[in-house]
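Visitor: Below is one structure. I have some questions about it.
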Amino acid sequence: MPSTIPDRSIRICADRGGTFCDVHASFPDPEKPNERKEIVVKLLSQDPANYKDAPTEGIRRVLEIATGEKIPRGTTLKTDKIDYIRLSTTVATNALLERKGHKHALLITRGFKDLLLIGNQSRPKIFDLNIRRPPPLYSTVVEVDERVTLVGYTSDPKAEEHAVQFDEHGKVKRGYRGAGWDKQGDAEGPGEVVQGLSGEAVRVMRRPDLDKVRADLQKLYDDGYRSIAIVFCHSYTYPEHELEVAALARTLGFKHVSASSQLLPMIKMVPRGVSSTADAYLTPVLRDYLDGFFAGFDEKLRDGKVRSPRVEFMGSDGGLLDLNNFSGLKSILSGPAGGVVGYALTSWDEEKKTPVIGIDVGGTSTDVSRFAGRYEVVYETTTAGVTIQSPQLDINTVAAGGGSCLTFRNGLFLAGPHSAGAEPGPACYRKGGPLAVTDANLLLGRLVPDYFPQIFGKTENEPLDIEASRSAFDKLAQEINASVSEDKRMGLDEIVYGFIKVANETMCRPIRALTEARGYATSRHILASFGGAGGQHACEIAQLLGIKTILIHHYSSILSAYGLALADRAYELQEPSSTFYTPENRSVLRARLDKLESQVREELGRQGFEGSRVHAERMLNMRFEGTDTALMVLPTSTDGDGAEDFEAAFRRVYKAEFGFLLDTKAIIVDDVKVRGIGKTFDSLGESVFSEVARIEKREVDRARADSTYSVYFDGVGRVDDTPVYRLESLHVGDTVKGPAMIIDNTQTIVIIPGATAVLTSKHLYITLE
């Protein structure tokens with residue numbers, strides 16, 4: 001029966017992970033127009049026999065459910081009913097991990113041909129006898145005969161006094177007067193002296209010969225290159241040469257040009273260079289994928305001029321980006337970022353201010369992050385051996401998830417790092433896959449085949465195959481018991497649970513790195529567990545870490561998709577600076593922040609966010625003179641005089657990070673940055689903690705259990721009559737004591753003995769004794 005849905009009213013969020021693609025959608029309820037109905041669709045990320053692209057297939061199913069009309073697979077989807085589609089995608093991440101990016105060339109200043117190959121000389125595995133350095137991402141290098149240099153030298157004790165002086169129009173008022181001055185011109189040698197973006201004096205020693213560059217570019221084009229990265233010395237402050245070459249490359253027909261000065265104008269040529277090669281390597285792959293995605297819909301979706309229907313993408317820093325601002329570099333953490341936004345906005349209590357650890361146990365990996373009122377962002381990260389300079393949420397990943405392969409090697413139980421993925425999947429997926437964590441949970445009774453989506457086998461309608469898991473484990477158990485003496489032999493349950501213990505310990509490792517290693521007590525946090533396999537491990541992980549409270553959202557198994565619905569639009573601008581932070585310079589830095597803020601607000605206004613819906617964060621990237629570690633500082637009202645006191649804020653952040661201060665050193669500002677946030681929601685309603693305190697709690701009668709099942713628990717053994725409750729049959733205030741299991745269509749939550757779960761309107765609130 002087709003239902004009448006208003007035009008431009010369906011909101012769709014799709015998260016394509018390594019194993020599953022999750023889709024969350026909402027639309028106005030035809031019977032109660034003021035309320036919205038919600039739909040959840042979960043499907044395999046790759047199923048080439050049945051569909052080409054998982055998010056498109058998920059959206060097709062959503063439109064079928066919402067409109068009540070049959071839409072055959074393969075038809076071009078109409079978008080007139082869609083308000084927006086929000087996507088997070090791991091396409092670029094996977095291309096980087098598997099080294100399946102786009103062939104591209106690097107254009108670099110003459111003499112620096114091998115700079116990115118040499119890198120920064122770091123040796124992560126210092127004792128390895130056979131060190132294998134990952135090869136660079138680019139396929140060939142072209143040297144461009146251009147050169148600019150900075151006037152003066154860093155360690156000049158009278159740098160300010162000797163520096164070139166400019167008037168307000170950027171013209172030289174007085175030349176350089178320090179050591180090395182040639183006593184004739186304005187600097188140490190010939191060449192025009194200009195003022196860079198950072199305020200530094202730049203001497204242009206040689207401009208690029210554009211005819212020669214054109215010939216080099218034409219040769220690259222003829223050799224089949226369509227993507228290039230341009231990295232020139234000091235381009236963070238003097239980008240003119242890069243921009244000239246980039247414009248020339250575009251006129252010759254290059255489809256993608258990554259100029260390092262436009263991606264992130266930050267000092268340090270190596271990370272800036274690697275970032276632009278990563279962008280040239282990944283963005284074409286991402287664009288190809290998006291072209292395929294848009295091909296499944298009518299023309300209106302791609303037209304950036306209309307507000308609705310529109311497509312928005314999750315960036316690595318937790319903000320939504322439009323198509324024009326989305327690139328390979330900004331999408332590296334696109335997938336996990338949605339989950340961080342989801343748990344941060346649903347678990348944080350502004351009054352209690354208890355920090356939250358988010359643990360996302362997916363099919364392939366586990367992502368861990370921390371939230372204490374604002375997203376923790378890092379500006380330099382290493383992914384698959386590639387060090388990238390781009391703002392990303394601070395997410396630690398380990399290769400342990402539901403699909404992690406279980407093996408026994410040299411007397412050790414191992415979980416991961418290899419994953420069974422979606423194809424072939426764990427042994428129980430009926431595709432002849434290897435033993436995985438999912439098989440262990442199935443044998444221990446922590447997954448009940450009757451409640452698990454029946455999407456397996458050739459016809460996509462068979463349940464999980466518990467016999468395949470059992471026979472594989474029987475074989476492994478024989479091998480394990482044959483390697484030990486008779487008195488140390490273990491039963492099947494013990495062996496299977498041994499693998500779960502190893503997986504749990506692997507998942508705890510990044511949590512300790514984010515908390516204890518940084519001076520935070522792990523036990524003073526709340527654990528927000530999500531991801532398809534999170535509910536089976538949450539209680540035991542919390543127990544290992546000494547955490548007493550666990551939050552599991554009703555949408556926890558699709559929280560990365562749900563987080564997209566809550567996420568805010570973000571736009572940021574950054575400029576280099578090279579000034580000392582002094583009382584005299586404060587007003588100059590403020591004026592620069594004001595200018596950037598007005599540009600950010602203007603752009604967000606163009607995207608439909610105005611007035612109180614826009615929130616701006618003003619930051620300076622600061623360091624002590626003589627050090628090379630800069631920290632991005634956002635002052636709070638409690639810092640110093642309370643009026644944007646960056647110095648007091650920097651000292652607070654530096655002390656927290658390193659435990660000491662360099663009081664005798666001056667403070668240098670490397671960058672000026674403004675991040676604008678366009679709010680999707682004004683408020684997300686009452687926090688889960690105030691709701692738990694308010695609601696009336698009552699213990700659930702065991703008779704309300706949907707069924708009972710034999711489940712193995714640590715220290716107790718098998719509990720044959722463990723009650724299994726359906727989440728939808730429980731009411732707000734219902735309290736379930738462990739051992740028990742709570743199940744809905746997309747997740748299984750194991751409540752261990754000694755744990756108590758209270759149902760609230762949006763969460764399961766679990767406390768451990």
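Quick note on naming: the chains in the structure tokens go A, B, ... in the order shown, residues restart at 1 in each chain, and ligands are numbered from 1 in order of appearance.
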Would you kindly return, as a ChimeraX atom specification, each protein, DNA or RNA residue with an atom no farther than 10 Å from any atom of Pro271 (chain A), considering only C-alpha atoms and excluding same-chain residues fewer than 3 positions away?
Guide: /A:116,119-120,260,266-268,274-277,380-381,386-390
Visitor: Find the residues around region 484-496 of chain A up to 10 Å (only C-alpha atoms counted), leave out those fewer than 3 positions away in its own chain, and share them as a compact mmCIF listing (two decimals) with N, CA, C and O atoms, in the first residue's frame.
Guide:
```txt
# COMPACT_ATOMS: atom_id res chain seq x y z
N LEU A 406 40.94 -16.62 14.40
CA LEU A 406 41.50 -17.26 15.61
C LEU A 406 42.47 -18.36 15.19
O LEU A 406 42.11 -19.24 14.41
N GLY A 411 52.22 -22.35 20.62
CA GLY A 411 51.71 -22.42 22.00
C GLY A 411 50.92 -21.19 22.42
O GLY A 411 50.58 -21.04 23.59
N PHE A 413 47.50 -18.54 21.93
CA PHE A 413 46.18 -18.27 21.35
C PHE A 413 46.26 -16.89 20.69
O PHE A 413 46.65 -15.92 21.33
N VAL A 437 36.24 -14.63 15.80
CA VAL A 437 35.66 -14.29 17.12
C VAL A 437 34.16 -14.55 17.13
O VAL A 437 33.60 -15.03 18.12
N ASP A 439 32.56 -16.89 15.63
CA ASP A 439 32.34 -18.34 15.85
C ASP A 439 32.48 -18.67 17.34
O ASP A 439 31.72 -19.48 17.88
N ALA A 440 33.45 -18.04 18.01
CA ALA A 440 33.65 -18.30 19.44
C ALA A 440 32.42 -17.83 20.23
O ALA A 440 31.92 -18.55 21.10
N ASN A 441 31.92 -16.64 19.92
CA ASN A 441 30.71 -16.15 20.61
C ASN A 441 29.51 -17.04 20.34
O ASN A 441 28.67 -17.27 21.22
N LEU A 442 29.43 -17.57 19.14
CA LEU A 442 28.31 -18.45 18.77
C LEU A 442 28.35 -19.74 19.59
O LEU A 442 27.34 -20.17 20.15
N LEU A 443 29.54 -20.35 19.70
CA LEU A 443 29.67 -21.61 20.44
C LEU A 443 29.44 -21.42 21.94
O LEU A 443 28.96 -22.31 22.62
N LEU A 444 29.81 -20.23 22.47
CA LEU A 444 29.63 -19.98 23.90
C LEU A 444 28.19 -19.59 24.22
O LEU A 444 27.85 -19.34 25.37
N ARG A 470 31.50 -25.48 15.21
CA ARG A 470 31.85 -26.53 16.17
C ARG A 470 32.89 -27.48 15.60
O ARG A 470 33.87 -27.80 16.27
N PHE A 473 36.28 -25.80 15.56
CA PHE A 473 36.85 -25.68 16.91
C PHE A 473 37.28 -27.04 17.47
O PHE A 473 38.27 -27.13 18.18
N ASP A 474 36.51 -28.08 17.14
CA ASP A 474 36.90 -29.43 17.60
C ASP A 474 38.30 -29.78 17.09
O ASP A 474 39.15 -30.30 17.81
N LEU A 476 40.63 -27.65 16.16
CA LEU A 476 41.62 -26.78 16.81
C LEU A 476 41.89 -27.24 18.24
O LEU A 476 43.03 -27.25 18.71
N ALA A 477 40.82 -27.69 18.94
CA ALA A 477 40.96 -28.15 20.32
C ALA A 477 41.87 -29.39 20.38
O ALA A 477 42.70 -29.51 21.30
N GLN A 478 41.72 -30.27 19.41
CA GLN A 478 42.58 -31.47 19.37
C GLN A 478 44.05 -31.05 19.22
O GLN A 478 44.94 -31.56 19.89
N GLU A 479 44.28 -30.07 18.32
CA GLU A 479 45.65 -29.60 18.08
C GLU A 479 46.22 -28.97 19.35
O GLU A 479 47.37 -29.21 19.72
N ILE A 480 45.39 -28.18 20.07
CA ILE A 480 45.86 -27.50 21.29
C ILE A 480 46.15 -28.53 22.38
O ILE A 480 47.20 -28.50 23.02
N ASN A 481 45.23 -29.46 22.59
CA ASN A 481 45.40 -30.45 23.66
C ASN A 481 46.54 -31.42 23.36
O ASN A 481 47.17 -31.96 24.28
N PHE A 499 40.08 -17.85 23.72
CA PHE A 499 40.24 -16.95 22.57
C PHE A 499 39.50 -15.62 22.81
O PHE A 499 39.98 -14.56 22.42
N ILE A 500 38.32 -15.70 23.44
CA ILE A 500 37.56 -14.47 23.74
C ILE A 500 38.38 -13.59 24.69
O ILE A 500 38.45 -12.37 24.54
N LYS A 501 39.03 -14.24 25.69
CA LYS A 501 39.86 -13.48 26.65
C LYS A 501 40.98 -12.74 25.94
O LYS A 501 41.28 -11.58 26.23
N TYR A 712 27.91 -19.62 28.22
CA TYR A 712 29.09 -19.81 29.06
C TYR A 712 29.54 -18.47 29.63
O TYR A 712 29.68 -17.49 28.90
N PHE A 713 29.76 -18.41 30.96
CA PHE A 713 30.27 -17.19 31.60
C PHE A 713 31.55 -17.52 32.34
O PHE A 713 31.69 -18.60 32.93
N ASP A 714 32.47 -16.58 32.38
CA ASP A 714 33.75 -16.76 33.06
C ASP A 714 33.52 -16.93 34.56
O ASP A 714 32.78 -16.16 35.18
N GLY A 717 30.92 -20.86 34.46
CA GLY A 717 30.73 -21.98 33.54
C GLY A 717 29.42 -21.81 32.79
O GLY A 717 28.90 -20.71 32.65
N ARG A 718 28.86 -22.92 32.32
CA ARG A 718 27.62 -22.87 31.53
C ARG A 718 26.41 -22.60 32.43
O ARG A 718 26.23 -23.25 33.44
```
Visitor: I need the alpha helix (DSSP H) residues of region 155-393 of chain A per DSSP on the backbone, written as a short mmCIF file (atom, residue, chain, number, x, y, z; two decimals) with N, CA and C atoms, in the first residue's frame.
Guide:
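Output contents, as saved in result-v1.cif:
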```cif
data_model
loop_
_atom_site.label_atom_id
_atom_site.label_comp_id
_atom_site.auth_asym_id
_atom_site.auth_seq_id
_atom_site.Cartn_x
_atom_site.Cartn_y
_atom_site.Cartn_z
N ALA A 159 66.41 38.41 16.49
CA ALA A 159 65.66 38.17 15.24
C ALA A 159 64.69 39.31 14.94
N GLU A 160 63.94 39.77 15.95
CA GLU A 160 62.93 40.82 15.71
C GLU A 160 63.59 42.12 15.26
N GLU A 161 64.72 42.44 15.86
CA GLU A 161 65.43 43.70 15.57
C GLU A 161 66.03 43.68 14.15
N HIS A 162 66.55 42.49 13.74
CA HIS A 162 67.24 42.39 12.44
C HIS A 162 66.28 42.14 11.28
N LEU A 210 57.70 28.46 -16.75
CA LEU A 210 56.43 27.77 -17.02
C LEU A 210 56.44 27.02 -18.35
N ASP A 211 57.25 27.46 -19.32
CA ASP A 211 57.32 26.73 -20.59
C ASP A 211 57.96 25.36 -20.37
N LYS A 212 59.02 25.34 -19.55
CA LYS A 212 59.69 24.06 -19.24
C LYS A 212 58.73 23.15 -18.44
N VAL A 213 58.01 23.77 -17.46
CA VAL A 213 57.06 22.99 -16.64
C VAL A 213 55.96 22.43 -17.54
N ARG A 214 55.49 23.24 -18.50
CA ARG A 214 54.42 22.79 -19.42
C ARG A 214 54.89 21.54 -20.19
N ALA A 215 56.14 21.57 -20.67
CA ALA A 215 56.67 20.41 -21.42
C ALA A 215 56.73 19.17 -20.53
N ASP A 216 57.18 19.37 -19.26
CA ASP A 216 57.25 18.23 -18.31
C ASP A 216 55.85 17.67 -18.03
N LEU A 217 54.90 18.58 -17.83
CA LEU A 217 53.53 18.14 -17.52
C LEU A 217 52.92 17.42 -18.72
N GLN A 218 53.19 17.94 -19.94
CA GLN A 218 52.64 17.31 -21.14
C GLN A 218 53.16 15.88 -21.29
N LYS A 219 54.46 15.70 -20.94
CA LYS A 219 55.04 14.34 -21.02
C LYS A 219 54.34 13.41 -20.02
N LEU A 220 54.09 13.92 -18.80
CA LEU A 220 53.37 13.11 -17.80
C LEU A 220 51.98 12.74 -18.32
N TYR A 221 51.31 13.73 -18.92
CA TYR A 221 49.95 13.50 -19.42
C TYR A 221 49.96 12.43 -20.51
N ASP A 222 50.97 12.53 -21.40
CA ASP A 222 51.09 11.54 -22.48
C ASP A 222 51.41 10.15 -21.94
N GLU A 240 52.54 31.11 -4.19
CA GLU A 240 52.36 31.57 -5.58
C GLU A 240 52.88 30.57 -6.62
N HIS A 241 54.09 30.04 -6.40
CA HIS A 241 54.67 29.14 -7.41
C HIS A 241 53.83 27.87 -7.56
N GLU A 242 53.37 27.32 -6.43
CA GLU A 242 52.52 26.12 -6.50
C GLU A 242 51.23 26.42 -7.25
N LEU A 243 50.64 27.57 -6.98
CA LEU A 243 49.36 27.92 -7.61
C LEU A 243 49.53 28.10 -9.12
N GLU A 244 50.67 28.71 -9.55
CA GLU A 244 50.92 28.88 -10.99
C GLU A 244 51.00 27.52 -11.69
N VAL A 245 51.76 26.60 -11.07
CA VAL A 245 51.95 25.27 -11.68
C VAL A 245 50.63 24.49 -11.66
N ALA A 246 49.87 24.64 -10.56
CA ALA A 246 48.58 23.93 -10.46
C ALA A 246 47.62 24.41 -11.55
N ALA A 247 47.56 25.73 -11.76
CA ALA A 247 46.65 26.29 -12.77
C ALA A 247 47.05 25.77 -14.17
N LEU A 248 48.37 25.71 -14.40
CA LEU A 248 48.87 25.21 -15.69
C LEU A 248 48.47 23.75 -15.90
N ALA A 249 48.61 22.94 -14.82
CA ALA A 249 48.28 21.51 -14.92
C ALA A 249 46.80 21.31 -15.26
N ARG A 250 45.95 22.16 -14.67
CA ARG A 250 44.51 22.01 -14.92
C ARG A 250 44.18 22.36 -16.38
N THR A 251 44.88 23.37 -16.94
CA THR A 251 44.59 23.72 -18.34
C THR A 251 45.03 22.61 -19.29
N SER A 260 50.13 21.38 -2.11
CA SER A 260 50.27 21.21 -0.66
C SER A 260 49.86 22.47 0.11
N SER A 261 50.06 23.65 -0.49
CA SER A 261 49.74 24.90 0.21
C SER A 261 48.24 25.09 0.36
N GLN A 262 47.44 24.41 -0.47
CA GLN A 262 45.98 24.57 -0.40
C GLN A 262 45.33 23.53 0.50
N LEU A 263 46.00 22.39 0.69
CA LEU A 263 45.43 21.34 1.54
C LEU A 263 45.51 21.73 3.01
N MET A 269 57.93 20.47 5.65
CA MET A 269 57.72 20.08 4.25
C MET A 269 57.43 18.58 4.08
N VAL A 270 58.01 17.75 4.96
CA VAL A 270 57.81 16.30 4.77
C VAL A 270 56.35 15.89 5.00
N PRO A 271 55.77 16.19 6.19
CA PRO A 271 54.36 15.78 6.35
C PRO A 271 53.42 16.50 5.37
N ARG A 272 53.76 17.76 5.04
CA ARG A 272 52.92 18.49 4.07
C ARG A 272 53.00 17.81 2.70
N GLY A 273 54.21 17.37 2.35
CA GLY A 273 54.42 16.69 1.07
C GLY A 273 53.73 15.33 1.03
N VAL A 274 53.91 14.55 2.10
CA VAL A 274 53.29 13.21 2.13
C VAL A 274 51.77 13.35 2.08
N SER A 275 51.25 14.37 2.76
CA SER A 275 49.79 14.58 2.76
C SER A 275 49.27 14.87 1.36
N SER A 276 50.02 15.70 0.61
CA SER A 276 49.50 16.02 -0.73
C SER A 276 49.65 14.83 -1.68
N THR A 277 50.69 13.99 -1.48
CA THR A 277 50.76 12.78 -2.33
C THR A 277 49.63 11.82 -1.94
N ALA A 278 49.31 11.74 -0.63
CA ALA A 278 48.20 10.87 -0.20
C ALA A 278 46.89 11.37 -0.81
N ASP A 279 46.73 12.68 -0.87
CA ASP A 279 45.49 13.24 -1.43
C ASP A 279 45.41 12.94 -2.93
N ALA A 280 46.53 13.09 -3.64
CA ALA A 280 46.54 12.81 -5.08
C ALA A 280 46.35 11.31 -5.35
N TYR A 281 46.74 10.49 -4.37
CA TYR A 281 46.65 9.03 -4.49
C TYR A 281 45.21 8.55 -4.22
N LEU A 282 44.53 9.22 -3.24
CA LEU A 282 43.24 8.71 -2.77
C LEU A 282 42.02 9.41 -3.38
N THR A 283 42.13 10.74 -3.60
CA THR A 283 40.93 11.47 -4.05
C THR A 283 40.36 10.92 -5.37
N PRO A 284 41.20 10.61 -6.39
CA PRO A 284 40.61 10.06 -7.61
C PRO A 284 39.84 8.75 -7.37
N VAL A 285 40.33 7.91 -6.45
CA VAL A 285 39.64 6.66 -6.12
C VAL A 285 38.28 6.98 -5.49
N LEU A 286 38.30 7.95 -4.58
CA LEU A 286 37.06 8.37 -3.91
C LEU A 286 36.08 8.96 -4.93
N ARG A 287 36.60 9.79 -5.84
CA ARG A 287 35.73 10.42 -6.86
C ARG A 287 35.10 9.35 -7.76
N ASP A 288 35.91 8.33 -8.14
CA ASP A 288 35.37 7.25 -8.98
C ASP A 288 34.23 6.55 -8.25
N TYR A 289 34.44 6.29 -6.96
CA TYR A 289 33.40 5.63 -6.17
C TYR A 289 32.14 6.50 -6.12
N LEU A 290 32.33 7.82 -5.88
CA LEU A 290 31.18 8.72 -5.76
C LEU A 290 30.46 8.87 -7.10
N ASP A 291 31.22 8.85 -8.20
CA ASP A 291 30.57 8.90 -9.52
C ASP A 291 29.64 7.71 -9.68
N GLY A 292 30.14 6.53 -9.26
CA GLY A 292 29.31 5.31 -9.33
C GLY A 292 28.09 5.42 -8.43
N PHE A 293 28.29 6.02 -7.26
CA PHE A 293 27.17 6.19 -6.30
C PHE A 293 26.11 7.12 -6.89
N PHE A 294 26.56 8.28 -7.41
CA PHE A 294 25.60 9.25 -7.96
C PHE A 294 24.89 8.71 -9.20
N ALA A 295 25.56 7.79 -9.92
CA ALA A 295 24.95 7.23 -11.13
C ALA A 295 23.68 6.44 -10.80
N SER A 334 36.66 8.67 7.96
CA SER A 334 35.24 8.98 7.75
C SER A 334 34.33 7.96 8.45
N GLY A 335 34.67 6.67 8.33
CA GLY A 335 33.82 5.62 8.92
C GLY A 335 33.72 5.71 10.44
N PRO A 336 34.86 5.57 11.15
CA PRO A 336 34.80 5.59 12.62
C PRO A 336 34.33 6.93 13.19
N ALA A 337 34.54 8.05 12.46
CA ALA A 337 34.17 9.36 13.00
C ALA A 337 32.67 9.46 13.31
N GLY A 338 31.84 8.82 12.48
CA GLY A 338 30.39 8.86 12.73
C GLY A 338 30.04 8.25 14.07
N GLY A 339 30.71 7.15 14.41
CA GLY A 339 30.46 6.49 15.69
C GLY A 339 30.88 7.35 16.86
N VAL A 340 32.02 8.06 16.72
CA VAL A 340 32.49 8.94 17.80
C VAL A 340 31.47 10.04 18.05
N VAL A 341 30.96 10.64 16.97
CA VAL A 341 29.94 11.68 17.11
C VAL A 341 28.70 11.10 17.77
N GLY A 342 28.33 9.88 17.35
CA GLY A 342 27.13 9.24 17.90
C GLY A 342 27.22 9.03 19.40
N TYR A 343 28.32 8.44 19.89
CA TYR A 343 28.38 8.18 21.34
C TYR A 343 28.63 9.45 22.12
N ALA A 344 29.42 10.39 21.52
CA ALA A 344 29.74 11.62 22.25
C ALA A 344 28.46 12.42 22.52
N LEU A 345 27.62 12.53 21.52
CA LEU A 345 26.42 13.36 21.68
C LEU A 345 25.32 12.66 22.49
N THR A 346 25.37 11.31 22.58
CA THR A 346 24.30 10.62 23.32
C THR A 346 24.74 10.21 24.73
N SER A 347 26.04 10.25 25.05
CA SER A 347 26.51 9.76 26.36
C SER A 347 27.01 10.86 27.28
#
```
Visitor: In Å, with one decimal, what is the gap from CA of Gly58 (chain A) to CA of Gly678 (chain A)?
Guide: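 About the pair CA of Gly58 (chain A) and CA of Gly678 (chain A): they are 27.4 Å apart.
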Visitor: For the strand (DSSP E or B) assignment from backbone DSSP, which residues of region 631-769 of chain A qualify? Please present them as a PyMOL selection string.
Guide: chain A and resi 631-633+667-678+698-699+707-713+717-726+734-737+740-743+748-751+755-759+763-768
Visitor: With distances taken over only C-alpha atoms, which of A:Leu264, A:Val750, A:Leu115, A:Val194 is nearest to Cys233 (chain A)?
Guide: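 When distances to Cys233 (chain A) are compared using only C-alpha atoms, the smallest one comes from A:Leu115.
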Visitor: Take CA of Glu168 (chain A) and CA of Gln195 (chain A) and report the distance between them in Å, one decimal.
Guide: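 These two atoms are separated by 10.6 Å.
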Visitor: Could I get the residues of region 462-516 of chain A with an atom no further than 10 Å from an atom of region 450-457 of chain A, each paired with its nearest atom pair and that distance in Å to one decimal, using only C-alpha atoms, sorted by chain and residue number, as a Markdown table?
Guide:
```
| residue | atom | partner | partner_atom | distance |
| --- | --- | --- | --- | --- |
| A:Glu462 | CA | A:Phe456 | CA | 4.9 |
| A:Pro463 | CA | A:Gln454 | CA | 4.4 |
| A:Leu464 | CA | A:Phe456 | CA | 6.9 |
| A:Asp465 | CA | A:Phe456 | CA | 8.9 |
```
Visitor: Between A:Thr680, A:Ser365, A:Thr397, A:Ser331, which is the closest to Phe609 (chain A) once you count only C-alpha atoms?
Guide: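 The shortest atom-to-atom distance to Phe609 (chain A) comes from A:Thr680.
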Visitor: Using only C-alpha atoms, find the one residue out of A:Phe580, A:Phe689, A:Tyr238, A:Phe232 that sits nearest to Thr760 (chain A).
Guide: A:Phe689
Visitor: Quick one: residues within 6 Å of Ile677 (chain A), only C-alpha atoms counted, chain neighbours fewer than 5 positions away excluded, as a list in words?
Guide: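 The residues satisfying every condition are Arg569, Ala570, Val614 and His615 of chain A.
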Visitor: Write out as a list of chain:residue names which residues come within 10 Å of region 349-354 of chain A when counting only C-alpha atoms, dropping same-chain ones fewer than 5 positions away.
Guide: A:Ala344, A:Phe371, A:Ala372, A:Gly373, A:Arg524, A:His525, A:Ile526, A:Glu686, A:Ser687, A:Val688, A:Phe689, A:Ser690
Visitor: Let's have the selection written as a PDB file, in the first residue's frame, with N, CA, C and O atoms.
Guide:
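Everything below was put into again-v4.pdb:
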```
ATOM      1  N   ALA A 344      29.418  10.386  21.524  1.00  0.00           N
ATOM      2  CA  ALA A 344      29.739  11.622  22.250  1.00  0.00           C
ATOM      3  C   ALA A 344      28.460  12.416  22.524  1.00  0.00           C
ATOM      4  O   ALA A 344      28.238  12.902  23.636  1.00  0.00           O
ATOM      5  N   PHE A 371      36.100  11.001  24.971  1.00  0.00           N
ATOM      6  CA  PHE A 371      35.382  12.282  24.841  1.00  0.00           C
ATOM      7  C   PHE A 371      35.196  12.882  26.226  1.00  0.00           C
ATOM      8  O   PHE A 371      34.670  12.239  27.121  1.00  0.00           O
ATOM      9  N   ALA A 372      35.689  14.127  26.394  1.00  0.00           N
ATOM     10  CA  ALA A 372      35.533  14.789  27.697  1.00  0.00           C
ATOM     11  C   ALA A 372      34.998  16.204  27.472  1.00  0.00           C
ATOM     12  O   ALA A 372      35.556  17.183  27.946  1.00  0.00           O
ATOM     13  N   GLY A 373      33.934  16.310  26.678  1.00  0.00           N
ATOM     14  CA  GLY A 373      33.332  17.621  26.453  1.00  0.00           C
ATOM     15  C   GLY A 373      33.606  18.184  25.080  1.00  0.00           C
ATOM     16  O   GLY A 373      32.842  18.984  24.565  1.00  0.00           O
ATOM     17  N   ARG A 524      37.806   5.990  36.113  1.00  0.00           N
ATOM     18  CA  ARG A 524      36.927   7.151  36.313  1.00  0.00           C
ATOM     19  C   ARG A 524      36.158   7.530  35.055  1.00  0.00           C
ATOM     20  O   ARG A 524      35.692   8.651  34.912  1.00  0.00           O
ATOM     21  N   HIS A 525      36.087   6.608  34.103  1.00  0.00           N
ATOM     22  CA  HIS A 525      35.378   6.862  32.853  1.00  0.00           C
ATOM     23  C   HIS A 525      34.102   6.028  32.785  1.00  0.00           C
ATOM     24  O   HIS A 525      33.894   5.116  33.577  1.00  0.00           O
ATOM     25  N   ILE A 526      33.271   6.374  31.802  1.00  0.00           N
ATOM     26  CA  ILE A 526      32.111   5.552  31.458  1.00  0.00           C
ATOM     27  C   ILE A 526      32.485   4.845  30.157  1.00  0.00           C
ATOM     28  O   ILE A 526      33.170   5.429  29.319  1.00  0.00           O
ATOM     29  N   GLU A 686      17.008  15.237  27.243  1.00  0.00           N
ATOM     30  CA  GLU A 686      17.513  14.934  28.580  1.00  0.00           C
ATOM     31  C   GLU A 686      18.668  13.931  28.521  1.00  0.00           C
ATOM     32  O   GLU A 686      18.680  13.027  27.691  1.00  0.00           O
ATOM     33  N   SER A 687      19.659  14.089  29.415  1.00  0.00           N
ATOM     34  CA  SER A 687      20.785  13.146  29.417  1.00  0.00           C
ATOM     35  C   SER A 687      20.360  11.840  30.086  1.00  0.00           C
ATOM     36  O   SER A 687      19.453  11.812  30.915  1.00  0.00           O
ATOM     37  N   VAL A 688      21.051  10.763  29.725  1.00  0.00           N
ATOM     38  CA  VAL A 688      20.689   9.434  30.230  1.00  0.00           C
ATOM     39  C   VAL A 688      20.840   9.361  31.752  1.00  0.00           C
ATOM     40  O   VAL A 688      20.093   8.667  32.432  1.00  0.00           O
ATOM     41  N   PHE A 689      21.790  10.132  32.314  1.00  0.00           N
ATOM     42  CA  PHE A 689      22.031  10.050  33.768  1.00  0.00           C
ATOM     43  C   PHE A 689      20.892  10.680  34.567  1.00  0.00           C
ATOM     44  O   PHE A 689      20.457  10.139  35.575  1.00  0.00           O
ATOM     45  N   SER A 690      20.396  11.832  34.092  1.00  0.00           N
ATOM     46  CA  SER A 690      19.280  12.442  34.830  1.00  0.00           C
ATOM     47  C   SER A 690      18.017  11.595  34.652  1.00  0.00           C
ATOM     48  O   SER A 690      17.179  11.516  35.541  1.00  0.00           O
TER      49      SER A 690
END
```
Visitor: Choose the residue, out of A:Lys679, A:Ala565, A:Leu117, A:Arg430, that has the smallest atom-to-atom separation from Asn461 (chain A); count only C-alpha atoms.
Guide: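 Closest residue, counting only C-alpha atoms: A:Arg430.
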Visitor: Dump as CSV the rows for residues of region 93-209 of chain A within 10 Å of region 324-330 of chain A: closest atom pair and distance in Å with one decimal, only C-alpha atoms counted, ordered by chain and rising residue number.
Guide:
```
residue,atom,partner,partner_atom,distance
A:Thr93,CA,A:Gly328,CA,8.4
A:Ala95,CA,A:Gly328,CA,9.8
A:Leu96,CA,A:Gly328,CA,9.8
```
